[in-house]
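Peer 1: Next up, query-v2.txt (compact mmCIF, C-alpha atoms and all ligand atoms).
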# COMPACT_ATOMS: atom_id res chain seq x y z
CA MET A 1 117.92 117.93 101.01
CA LYS A 2 115.29 120.38 102.17
CA LYS A 3 111.82 119.46 100.95
CA THR A 4 109.33 121.94 99.53
CA VAL A 5 105.62 121.98 100.20
CA ALA A 6 103.17 124.05 98.17
CA LEU A 7 100.56 125.37 100.59
CA GLY A 8 97.34 125.99 98.69
CA VAL A 9 95.09 128.56 100.33
CA SER A 10 91.51 129.13 99.19
CA SER A 11 88.81 131.53 100.29
CA SER A 12 87.31 129.97 103.41
CA VAL A 13 86.96 131.80 106.71
CA GLY A 14 89.35 129.18 108.07
CA ILE A 15 92.04 131.05 106.13
CA TYR A 16 93.42 132.61 109.30
CA LYS A 17 94.68 129.16 110.38
CA ALA A 18 96.74 128.80 107.18
CA CYS A 19 99.48 130.96 108.73
CA GLU A 20 99.85 128.41 111.54
CA VAL A 21 100.05 125.57 109.00
CA LEU A 22 102.80 127.46 107.17
CA ARG A 23 104.68 128.01 110.44
CA GLY A 24 104.28 124.36 111.42
CA PHE A 25 105.92 123.14 108.21
CA GLN A 26 108.71 125.69 108.56
CA LYS A 27 109.43 124.60 112.13
CA ALA A 28 109.85 121.06 110.83
CA GLY A 29 112.48 122.31 108.38
CA VAL A 30 110.27 122.27 105.31
CA GLU A 31 110.35 125.02 102.68
CA VAL A 32 106.89 126.46 101.98
CA ARG A 33 105.65 128.12 98.78
CA VAL A 34 102.20 129.65 99.18
CA VAL A 35 99.68 129.53 96.35
CA MET A 36 96.45 131.49 96.90
CA THR A 37 93.29 131.46 94.83
CA PRO A 38 92.36 134.95 93.58
CA ASN A 39 89.32 134.83 95.91
CA ALA A 40 91.54 134.00 98.92
CA ALA A 41 93.62 137.06 98.06
CA ARG A 42 90.45 139.11 98.53
CA LEU A 43 90.09 137.82 102.11
CA ILE A 44 93.74 138.22 103.21
CA SER A 45 96.61 140.03 101.55
CA PRO A 46 99.15 137.72 99.88
CA LEU A 47 101.78 139.94 101.48
CA LEU A 48 101.09 138.35 104.87
CA PHE A 49 102.00 134.91 103.52
CA SER A 50 104.95 136.28 101.52
CA SER A 51 106.45 137.80 104.66
CA LEU A 52 105.95 134.59 106.67
CA ALA A 53 107.21 132.28 103.92
CA GLY A 54 110.08 134.49 102.78
CA THR A 55 109.06 133.88 99.16
CA ARG A 56 106.56 135.62 96.93
CA THR A 57 103.02 134.26 97.23
CA ILE A 58 101.68 133.05 93.89
CA VAL A 59 98.17 134.15 92.96
CA ASP A 60 98.07 134.97 89.27
CA LEU A 61 98.54 132.20 86.71
CA PHE A 62 99.29 134.68 83.95
CA GLU A 63 101.73 136.86 85.81
CA GLU A 64 105.02 137.55 84.04
CA PRO A 65 107.43 134.89 85.32
CA GLU A 66 110.70 135.88 86.94
CA ALA A 67 112.75 133.53 84.79
CA ARG A 68 112.09 131.82 81.47
CA THR A 69 110.01 129.10 83.06
CA ILE A 70 106.34 128.25 83.18
CA GLN A 71 105.82 128.74 86.86
CA HIS A 72 103.14 126.15 87.61
CA VAL A 73 105.09 123.45 85.77
CA ALA A 74 108.33 124.36 87.52
CA LEU A 75 106.68 124.39 90.96
CA ALA A 76 104.81 121.15 90.17
CA LYS A 77 108.18 119.40 89.72
CA GLU A 78 109.86 121.05 92.69
CA ILE A 79 107.37 120.16 95.42
CA SER A 80 107.20 116.98 97.49
CA LEU A 81 103.64 117.70 98.65
CA LEU A 82 100.69 119.90 97.74
CA CYS A 83 98.78 120.70 100.93
CA VAL A 84 95.56 122.66 100.54
CA ALA A 85 94.44 124.25 103.81
CA PRO A 86 91.81 125.56 103.94
CA ALA A 87 90.12 123.94 100.94
CA THR A 88 86.76 125.40 99.89
CA ALA A 89 83.94 123.31 98.46
CA ASN A 90 84.73 125.07 95.20
CA VAL A 91 88.38 123.99 95.08
CA ILE A 92 87.47 120.42 95.97
CA GLY A 93 84.87 120.43 93.19
CA LYS A 94 87.36 121.80 90.68
CA PHE A 95 90.01 119.24 91.64
CA ALA A 96 87.43 116.45 91.30
CA GLY A 97 86.24 117.73 87.93
CA GLY A 98 89.67 118.47 86.47
CA VAL A 99 88.97 122.21 86.14
CA ALA A 100 92.19 124.23 85.96
CA ASP A 101 91.28 127.91 85.81
CA ASP A 102 93.70 129.41 88.33
CA PHE A 103 97.22 128.69 89.59
CA LEU A 104 96.20 126.30 92.39
CA THR A 105 93.87 124.11 90.34
CA THR A 106 96.37 124.04 87.45
CA LEU A 107 99.13 123.02 89.86
CA PHE A 108 96.94 120.16 91.11
CA LEU A 109 96.79 118.69 87.61
CA ALA A 110 100.43 119.41 86.82
CA THR A 111 102.04 117.79 89.85
CA ARG A 112 102.87 114.16 90.54
CA ALA A 113 103.49 114.95 94.22
CA PRO A 114 101.04 113.59 96.79
CA VAL A 115 98.11 115.87 97.64
CA LEU A 116 96.66 116.53 101.09
CA VAL A 117 93.39 118.45 101.38
CA ALA A 118 91.94 119.99 104.55
CA PRO A 119 88.34 121.01 103.81
CA ALA A 120 86.72 123.90 105.64
CA MET A 121 83.15 124.93 105.07
CA ASN A 122 79.73 125.26 106.57
CA GLU A 123 78.07 121.98 107.63
CA ALA A 124 75.43 122.06 104.90
CA MET A 125 78.17 122.47 102.28
CA VAL A 126 80.36 119.66 103.60
CA LEU A 127 77.43 117.26 103.92
CA HIS A 128 76.01 118.15 100.51
CA PRO A 129 75.94 114.98 98.39
CA ARG A 130 77.85 116.81 95.63
CA THR A 131 80.72 117.70 98.00
CA GLN A 132 80.74 114.17 99.42
CA ALA A 133 80.83 112.72 95.90
CA ASN A 134 83.72 115.03 94.98
CA ILE A 135 85.65 113.96 98.07
CA ALA A 136 85.04 110.28 97.28
CA ARG A 137 86.21 110.83 93.71
CA LEU A 138 89.41 112.48 94.88
CA ARG A 139 90.06 109.78 97.46
CA ALA A 140 89.83 107.18 94.69
CA LEU A 141 92.53 109.15 92.84
CA GLY A 142 94.81 108.96 95.88
CA VAL A 143 94.19 112.41 97.34
CA GLU A 144 94.39 112.31 101.14
CA PHE A 145 92.17 114.31 103.50
CA VAL A 146 92.41 115.76 106.97
CA GLU A 147 88.82 115.48 108.11
CA PRO A 148 87.13 118.72 109.14
CA ALA A 149 86.25 118.92 112.81
CA GLN A 150 82.96 119.45 114.62
CA GLY A 151 82.37 122.58 116.63
CA TYR A 152 81.81 126.25 116.41
CA LEU A 153 81.91 127.45 112.79
CA ALA A 154 83.06 130.92 111.89
CA CYS A 155 79.77 131.55 110.08
CA GLY A 156 78.11 131.35 113.51
CA ASP A 157 76.64 127.83 113.07
CA GLN A 158 77.50 124.77 115.09
CA GLY A 159 78.37 121.50 113.35
CA TRP A 160 80.76 119.75 110.99
CA GLY A 161 83.03 121.60 108.61
CA ARG A 162 85.53 123.46 110.77
CA LEU A 163 89.07 123.32 109.45
CA ALA A 164 91.12 120.71 111.32
CA GLU A 165 93.66 122.09 113.77
CA PRO A 166 96.88 123.29 112.08
CA GLU A 167 98.98 120.83 114.14
CA ALA A 168 96.90 117.92 112.81
CA ILE A 169 97.30 119.15 109.23
CA VAL A 170 101.07 119.59 109.60
CA ARG A 171 101.41 116.20 111.30
CA GLU A 172 99.61 114.50 108.42
CA GLY A 173 101.66 116.46 105.88
CA LEU A 174 104.93 115.43 107.53
CA ARG A 175 103.80 111.80 107.65
CA ILE A 176 103.22 111.90 103.89
CA LEU A 177 106.58 113.61 103.31
CA GLY A 178 108.30 110.88 105.36
CA ARG A 179 106.66 108.27 103.18
CA THR A 180 107.95 109.77 99.93
CA GLU A 181 111.41 108.33 100.59
CA SER A 182 110.65 105.44 102.90
CA LEU A 183 111.59 102.83 100.26
CA LYS A 184 114.53 104.66 98.73
CA GLY A 185 117.31 102.22 97.84
CA THR A 186 114.83 99.33 97.79
CA THR A 187 113.74 97.30 94.77
CA VAL A 188 110.10 96.29 94.64
CA LEU A 189 108.67 93.70 92.27
CA VAL A 190 104.90 93.74 91.73
CA THR A 191 102.85 91.42 89.57
CA ALA A 192 99.42 92.45 88.32
CA GLY A 193 96.49 91.47 86.16
CA PRO A 194 95.32 88.11 84.87
CA THR A 195 97.21 85.74 82.64
CA ARG A 196 95.79 84.33 79.42
CA GLU A 197 96.31 80.69 78.56
CA PRO A 198 95.56 80.21 74.87
CA LEU A 199 93.64 77.38 73.25
CA ASP A 200 94.21 78.84 69.80
CA PRO A 201 94.97 82.35 68.50
CA VAL A 202 91.47 83.63 69.39
CA ARG A 203 90.43 81.68 72.50
CA PHE A 204 91.95 81.58 75.97
CA LEU A 205 91.41 80.61 79.61
CA SER A 206 91.60 83.56 82.01
CA ASN A 207 89.82 85.38 84.86
CA PRO A 208 88.22 88.81 85.35
CA SER A 209 91.19 90.47 87.13
CA SER A 210 91.52 94.08 85.91
CA GLY A 211 95.04 94.60 87.28
CA LYS A 212 93.93 97.73 89.19
CA MET A 213 95.15 96.54 92.60
CA GLY A 214 98.60 95.61 91.30
CA TYR A 215 98.97 98.85 89.34
CA GLU A 216 98.06 100.86 92.44
CA LEU A 217 100.62 98.89 94.45
CA ALA A 218 103.29 99.63 91.85
CA ARG A 219 102.30 103.31 91.88
CA GLU A 220 102.61 103.35 95.68
CA ALA A 221 106.06 101.72 95.56
CA VAL A 222 107.22 104.42 93.12
CA ALA A 223 105.71 107.13 95.34
CA ARG A 224 107.78 105.79 98.26
CA GLY A 225 110.97 106.06 96.24
CA ALA A 226 111.47 102.37 95.40
CA LYS A 227 112.97 101.13 92.18
CA THR A 228 109.84 99.40 90.90
CA ILE A 229 109.39 96.56 88.44
CA LEU A 230 105.81 95.80 87.41
CA ILE A 231 105.19 92.50 85.66
CA SER A 232 101.73 92.65 84.19
CA GLY A 233 99.38 90.35 82.40
CA PRO A 234 96.99 91.84 79.81
CA THR A 235 95.04 94.83 81.16
CA SER A 236 93.60 98.03 79.73
CA LEU A 237 95.48 100.19 82.26
CA ILE A 238 98.14 102.82 81.63
CA PRO A 239 101.43 101.69 83.24
CA PRO A 240 102.36 103.80 86.28
CA ALA A 241 104.96 106.47 85.56
CA GLY A 242 108.33 105.68 87.09
CA ALA A 243 107.94 101.89 87.14
CA ARG A 244 109.66 99.55 84.71
CA THR A 245 106.76 97.60 83.23
CA VAL A 246 107.18 94.17 81.69
CA LEU A 247 104.14 92.96 79.76
CA VAL A 248 103.43 89.23 79.61
CA ASN A 249 100.57 87.02 78.52
CA THR A 250 100.78 83.54 79.98
CA ALA A 251 101.62 82.14 83.42
CA ALA A 252 104.80 80.64 81.94
CA GLU A 253 105.90 84.06 80.66
CA MET A 254 105.08 85.64 84.02
CA GLU A 255 107.11 82.98 85.82
CA LYS A 256 110.11 83.59 83.57
CA ALA A 257 109.98 87.36 84.11
CA CYS A 258 109.54 86.93 87.89
CA LEU A 259 112.44 84.50 88.25
CA LYS A 260 114.66 86.91 86.34
CA ALA A 261 113.74 89.94 88.48
CA PHE A 262 113.49 88.13 91.82
CA PRO A 263 117.18 88.04 92.88
CA LYS A 264 117.36 91.86 92.77
CA ALA A 265 114.09 92.44 94.62
CA ASP A 266 113.85 93.29 98.31
CA ILE A 267 110.05 93.22 98.33
CA VAL A 268 107.87 91.07 96.08
CA VAL A 269 104.12 91.62 95.92
CA MET A 270 102.31 88.99 93.90
CA ALA A 271 98.98 90.66 93.14
CA ALA A 272 98.48 89.01 89.75
CA ALA A 273 95.65 86.55 89.35
CA VAL A 274 97.66 83.87 87.60
CA SER A 275 95.53 81.29 85.83
CA ASP A 276 95.87 77.96 87.66
CA PHE A 277 95.28 75.93 84.55
CA ARG A 278 96.18 75.96 80.88
CA PHE A 279 95.15 73.84 77.93
CA LYS A 280 97.28 70.77 77.46
CA GLU A 281 97.26 71.27 73.75
CA THR A 282 97.28 74.59 71.92
CA ARG A 283 96.75 75.21 68.23
CA ASP A 284 98.45 77.62 65.85
CA ARG A 285 95.27 78.13 63.82
CA LYS A 286 91.75 78.93 64.94
CA ALA A 287 89.94 75.67 65.54
CA ALA A 288 86.53 75.28 63.88
CA LYS A 289 83.62 74.64 66.29
CA GLY A 290 83.26 71.09 65.09
CA GLU A 291 86.93 70.31 65.75
CA ILE A 292 86.55 70.86 69.48
CA GLY A 293 85.08 67.93 71.38
CA PRO A 294 82.93 68.00 74.53
CA SER A 295 85.99 68.07 76.81
CA LEU A 296 89.33 69.81 76.67
CA ALA A 297 92.28 68.57 78.68
CA VAL A 298 93.92 71.06 81.00
CA GLU A 299 97.08 70.97 83.13
CA LYS A 300 98.38 73.05 86.03
CA THR A 301 100.38 76.18 85.31
CA PRO A 302 103.63 76.85 87.21
CA ASP A 303 103.09 77.97 90.81
CA ILE A 304 105.07 81.22 90.76
CA LEU A 305 104.53 82.19 94.41
CA ALA A 306 105.73 78.78 95.59
CA ALA A 307 108.76 78.98 93.29
CA LEU A 308 109.75 82.36 94.74
CA GLY A 309 109.02 81.12 98.28
CA ARG A 310 111.58 78.35 97.77
CA ARG A 311 114.21 80.78 96.47
CA LYS A 312 113.58 83.47 99.10
CA LYS A 313 116.67 84.82 100.91
CA PRO A 314 116.43 85.96 104.55
CA GLY A 315 116.36 89.69 103.67
CA GLN A 316 113.57 89.36 101.10
CA LEU A 317 109.92 89.93 101.89
CA LEU A 318 107.36 87.95 99.94
CA VAL A 319 103.71 89.01 99.84
CA GLY A 320 101.03 86.86 98.29
CA PHE A 321 97.39 87.57 97.46
CA ALA A 322 94.60 85.13 98.13
CA ALA A 323 91.42 85.77 96.15
CA GLU A 324 88.76 83.39 97.43
CA THR A 325 85.00 83.07 97.17
CA HIS A 326 84.60 81.29 100.56
CA ASP A 327 86.55 80.42 103.74
CA VAL A 328 88.79 83.31 102.77
CA LEU A 329 90.87 83.45 105.96
CA ALA A 330 91.43 79.71 106.26
CA HIS A 331 92.58 79.47 102.64
CA ALA A 332 94.82 82.51 103.00
CA ARG A 333 96.50 81.16 106.17
CA LYS A 334 97.20 77.85 104.50
CA LYS A 335 98.60 79.58 101.41
CA LEU A 336 100.87 81.73 103.60
CA GLU A 337 102.42 78.63 105.19
CA VAL A 338 102.61 76.40 102.13
CA LYS A 339 104.11 79.07 99.86
CA ASN A 340 106.60 80.33 102.45
CA ALA A 341 105.29 83.90 102.13
CA ASP A 342 105.70 86.56 104.83
CA LEU A 343 102.35 88.25 104.36
CA MET A 344 99.15 87.24 102.68
CA VAL A 345 96.58 89.76 101.53
CA ALA A 346 93.20 88.08 101.46
CA ASN A 347 90.18 89.32 99.63
CA ALA A 348 86.79 87.93 98.88
CA VAL A 349 86.00 87.73 95.19
CA GLY A 350 82.96 86.76 93.16
CA ASN A 351 79.48 88.34 93.13
CA GLY A 352 80.95 91.63 91.96
CA ARG A 353 83.59 91.83 94.73
CA ALA A 354 87.19 92.95 94.15
CA PHE A 355 87.72 91.74 90.57
CA GLY A 356 87.52 94.72 88.22
CA THR A 357 86.14 97.14 90.84
CA ASP A 358 87.76 100.35 92.12
CA ASP A 359 87.19 99.38 95.77
CA ASN A 360 88.53 96.55 97.84
CA ALA A 361 88.29 95.32 101.42
CA VAL A 362 91.38 93.35 102.37
CA ARG A 363 92.65 91.39 105.32
CA ILE A 364 96.38 91.20 105.90
CA ILE A 365 97.70 88.06 107.56
CA ALA A 366 101.19 87.47 108.93
CA ARG A 367 102.72 84.33 110.46
CA LYS A 368 102.07 85.73 113.92
CA GLY A 369 99.72 88.32 115.32
CA PRO A 370 96.16 89.41 114.65
CA VAL A 371 94.57 89.81 111.23
CA GLN A 372 94.57 93.41 109.99
CA GLU A 373 91.26 94.36 108.36
CA THR A 374 90.92 97.44 106.17
CA GLY A 375 87.18 97.72 105.57
CA THR A 376 86.06 98.84 102.11
CA MET A 377 88.30 101.51 100.61
CA SER A 378 89.62 102.51 97.21
CA LYS A 379 92.38 100.32 95.79
CA ARG A 380 94.57 103.43 95.91
CA GLU A 381 94.05 103.69 99.69
CA ALA A 382 94.36 99.93 100.18
CA SER A 383 97.76 100.02 98.44
CA ARG A 384 98.95 102.53 101.04
CA VAL A 385 97.76 100.41 103.95
CA ILE A 386 99.44 97.35 102.43
CA PHE A 387 102.77 99.15 101.96
CA ASP A 388 102.66 100.60 105.49
CA ARG A 389 102.35 97.02 106.72
CA ILE A 390 105.05 95.76 104.35
CA GLU A 391 107.46 98.40 105.67
CA ALA A 392 106.68 97.44 109.27
CA GLU A 393 107.31 93.74 108.50
CA LEU A 394 110.51 94.49 106.61
CA GLU A 395 111.82 96.46 109.55
CA LYS A 396 111.03 93.55 111.91
CA LYS A 397 112.81 91.18 109.56
CA ARG A 398 115.93 93.29 109.32
CA ARG A 399 116.15 94.14 113.00
C1 LIG B 1 83.67 135.64 104.14
C2 LIG B 1 83.52 134.40 103.33
C3 LIG B 1 83.75 133.20 103.90
C4 LIG B 1 83.62 132.02 103.18
N1 LIG B 1 83.91 130.83 103.78
C5 LIG B 1 83.84 129.69 103.06
C6 LIG B 1 84.20 128.46 103.65
O1 LIG B 1 84.56 128.37 104.83
N2 LIG B 1 84.17 127.36 102.88
C7 LIG B 1 83.77 127.39 101.57
O2 LIG B 1 83.78 126.34 100.92
N3 LIG B 1 83.42 128.55 101.00
C8 LIG B 1 83.45 129.70 101.71
N4 LIG B 1 83.09 130.87 101.11
C9 LIG B 1 82.64 130.86 99.72
C10 LIG B 1 83.82 130.80 98.78
O3 LIG B 1 84.66 131.88 99.02
C11 LIG B 1 83.32 130.81 97.33
O4 LIG B 1 82.71 129.57 97.04
C12 LIG B 1 84.42 131.08 96.34
O5 LIG B 1 83.90 131.09 95.03
C13 LIG B 1 85.54 130.08 96.42
O6 LIG B 1 86.65 130.49 95.66
P1 LIG B 1 88.05 129.73 95.72
O7 LIG B 1 87.74 128.31 95.96
O8 LIG B 1 88.65 129.95 94.37
O9 LIG B 1 88.85 130.35 96.80
C14 LIG B 1 83.21 132.07 101.84
C15 LIG B 1 82.96 133.32 101.24
C16 LIG B 1 83.09 134.48 101.99
C17 LIG B 1 82.79 135.78 101.33
Represent the structure of the file as structure tokens.

Peer 2:
Amino acid sequence: MKKTVALGVSSSVGIYKACEVLRGFQKAGVEVRVVMTPNAARLISPLLFSSLAGTRTIVDLFEEPEARTIQHVALAKEISLLCVAPATANVIGKFAGGVADDFLTTLFLATRAPVLVAPAMNEAMVLHPRTQANIARLRALGVEFVEPAQGYLACGDQGWGRLAEPEAIVREGLRILGRTESLKGTTVLVTAGPTREPLDPVRFLSNPSSGKMGYELAREAVARGAKTILISGPTSLIPPAGARTVLVNTAAEMEKACLKAFPKADIVVMAAAVSDFRFKETRDRKAAKGEIGPSLAVEKTPDILAALGRRKKPGQLLVGFAAETHDVLAHARKKLEVKNADLMVANAVGNGRAFGTDDNAVRIIARKGPVQETGTMSKREASRVIFDRIEAELEKKRR
């Protein structure tokens, strides 16, 4: 089926290149609907884009709709990508702040499609801390960027801020479109969050995992078209739309849910921080302080990754996470072997790293080949890098 891209056009001098972006998508067989900001329509007539696209350019949010539909909601559902090129500092700021006062900014909030932004502005504007903060905020939400280039700016200055070349924008857009179905027909199982091992109804043994990494991974699996099952320990996060979420508390409950879902899964990503220990004895009623002695006996919880590693069929890909405070790589390599996993994602934790934060720096280790390092990036971005690698490994496995 033909895919549709909404091309958002805002009022930057780089606007003249938007026609080339439109053409580039069309040449690749993609349908383009153009959405201009009212200010962009003061720089170039919408008619130019309408005649190139073969559909009416949308500018006015309150225009009488052709059919009995709310246009921005209908378009939000129809598109596979929102590509904004050129994006002004203003549009980027509005996206980052959740302002929806014209068609384009309302569409941004209304769509679940991936968003690609190609900024274009004068160097002082692009390097302004406010603009940089807005870009960082959007990146953390999963918005992707085509970096502006250095060179001659239309305002006459030299420097950073020139809109990237249309070919580069189209190439990036097509790459994202390709990804939206790359896991179609595949079932992905993701675990997330901590587990809680109770002592009594009000006390438990756990860890500071927020579940953010696992939830982002589940969101990415859904975005790539996979049937996604998320098995989550207690978190304060909203389950990702499109995933079937199973909520559990203890390691034993997580094991049960994983073993049930495992036979159907093609890819299993174990991002949960399962508690390694639980109390040997639990109580039904809250224990008084005096009832608890100086030591409490603990025992090991089930090793879920190892259990799945033993059951793994040749076509299944098993990914483990190794959260370590020291000797991260050595521990992760050992875990990869012992648990019969295919990939191990290692991250350093403790001292404010990884647990509970929005950013992560991961290293991906396979049985063979060099270690892939991501550097610090948002968990949203890290989930993309991890799934790109998972897809590459799965292809190798099935070849
Ligand atoms: C001729 C002209 C060129 C402009 N070029 C840019 C630009 O390249 N980048 C930018 O961020 N703003 C640029 N601006 C300023 C924006 O148009 C202005 O911030 C506007 O409010 C943005 O509206 P919009 O984001 O809704 O299109 C330009 C303005 C004019 C008049």

Peer 1: With only C-alpha atoms and all ligand atoms counted, collect every polymer residue having an atom within 9 Å of ligand LIG 1 (chain B); state the result as a PyMOL selection string.

Peer 2: chain A and resi 9-15+36-43+86-94+102+104-105+119-122+125-126+153-155+161-163

Peer 1: A:Gln150, A:Thr195, A:Thr325, A:Asn340: which is nearest Ser275 in chain A, counting all atoms listed in the file?

Peer 2: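 When distances to Ser275 in chain A are compared using all atoms listed in the file, the smallest one comes from A:Thr195.
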
Peer 1: Skip range 381-391 of chain A itself and residues of its chain fewer than 6 positions away, then list as a list of chain:residue names all residues within 7 Å of it, counting only C-alpha atoms.

Peer 2: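 Returned residues: A:Gly142, A:Glu216, A:Leu217, A:Glu220.
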
Peer 1: Quick one: of A:Thr186, A:Thr106, A:Thr357, A:Thr235, who's nearest to Arg380 in chain A, counting only C-alpha atoms?

Peer 2: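 Between A:Thr186, A:Thr106, A:Thr357, A:Thr235, the residue approaching Arg380 in chain A most closely is A:Thr357.
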
Peer 1: Closest to Leu336 in chain A among A:Gly173, A:Gly320, A:Gly233, A:Gly151, using all atoms listed in the file?

Peer 2: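 Of A:Gly173, A:Gly320, A:Gly233, A:Gly151, the one nearest Leu336 in chain A, counting all atoms listed in the file, is A:Gly320.
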
Peer 1: Every residue with an atom at most 10 Å from (101.5, 118.7, 112.4) (file coordinates; all atoms listed in the file) is what I'm after, so could you write them as JSON, numbers by chain?

Peer 2: {"A": [20, 21, 24, 25, 27, 28, 165, 166, 167, 168, 169, 170, 171, 172, 173, 174, 175]}

Peer 1: Could you name the residues that touch range 55-58 of chain A at 7 Å or less, counting all atoms listed in the file, but leaving out those on the same chain fewer than 2 positions away, as a list in words?

Peer 2: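 Listed by chain and then number, they are Arg33, Val34, Val35, Met36, Pro46, Phe49, Ser50, Ala53 and Asp60 of chain A.
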
Peer 1: With C-alpha atoms retained, export the selected residues as a PDB file, keeping the file's coordinate frame.

Peer 2:
ATOM      1  CA  ARG A  33     105.650 128.120  98.780  1.00  0.00           C
ATOM      2  CA  VAL A  34     102.200 129.650  99.180  1.00  0.00           C
ATOM      3  CA  VAL A  35      99.680 129.530  96.350  1.00  0.00           C
ATOM      4  CA  MET A  36      96.450 131.490  96.900  1.00  0.00           C
ATOM      5  CA  PRO A  46      99.150 137.720  99.880  1.00  0.00           C
ATOM      6  CA  PHE A  49     102.000 134.910 103.520  1.00  0.00           C
ATOM      7  CA  SER A  50     104.950 136.280 101.520  1.00  0.00           C
ATOM      8  CA  ALA A  53     107.210 132.280 103.920  1.00  0.00           C
ATOM      9  CA  ASP A  60      98.070 134.970  89.270  1.00  0.00           C
TER      10      ASP A  60
END

Peer 1: Separation of CA of Ile176 in chain A and CA of Ala223 in chain A, in Å?

Peer 2: 10.1 Å

Peer 1: Quick one: everything within 12 Å of Pro240 in chain A, counting all atoms listed in the file, minus sequence neighbours fewer than 6 positions away in the same chain. Send it as an mmCIF file with C-alpha atoms, in the coordinates of the input.

Peer 2:
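Saved the output as around33.cif:
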data_model
loop_
_atom_site.group_PDB
_atom_site.id
_atom_site.type_symbol
_atom_site.label_atom_id
_atom_site.label_comp_id
_atom_site.auth_asym_id
_atom_site.auth_seq_id
_atom_site.Cartn_x
_atom_site.Cartn_y
_atom_site.Cartn_z
ATOM 1 C CA ARG A 112 102.870 114.160 90.540
ATOM 2 C CA VAL A 190 104.900 93.740 91.730
ATOM 3 C CA ALA A 192 99.420 92.450 88.320
ATOM 4 C CA GLY A 211 95.040 94.600 87.280
ATOM 5 C CA LYS A 212 93.930 97.730 89.190
ATOM 6 C CA GLY A 214 98.600 95.610 91.300
ATOM 7 C CA TYR A 215 98.970 98.850 89.340
ATOM 8 C CA GLU A 216 98.060 100.860 92.440
ATOM 9 C CA LEU A 217 100.620 98.890 94.450
ATOM 10 C CA ALA A 218 103.290 99.630 91.850
ATOM 11 C CA ARG A 219 102.300 103.310 91.880
ATOM 12 C CA GLU A 220 102.610 103.350 95.680
ATOM 13 C CA ALA A 221 106.060 101.720 95.560
ATOM 14 C CA VAL A 222 107.220 104.420 93.120
ATOM 15 C CA ALA A 223 105.710 107.130 95.340
ATOM 16 C CA THR A 228 109.840 99.400 90.900
ATOM 17 C CA ILE A 229 109.390 96.560 88.440
ATOM 18 C CA LEU A 230 105.810 95.800 87.410
ATOM 19 C CA ILE A 231 105.190 92.500 85.660
ATOM 20 C CA SER A 232 101.730 92.650 84.190
ATOM 21 C CA VAL A 246 107.180 94.170 81.690
#

Peer 1: (104.1, 88.3, 81.7) in this file's frame - what residues fall within 12 Å of it? Use all atoms listed in the file and give the answer as a PyMOL selection string.

Peer 2: chain A and resi 190-197+229-235+245-261+272-275+304
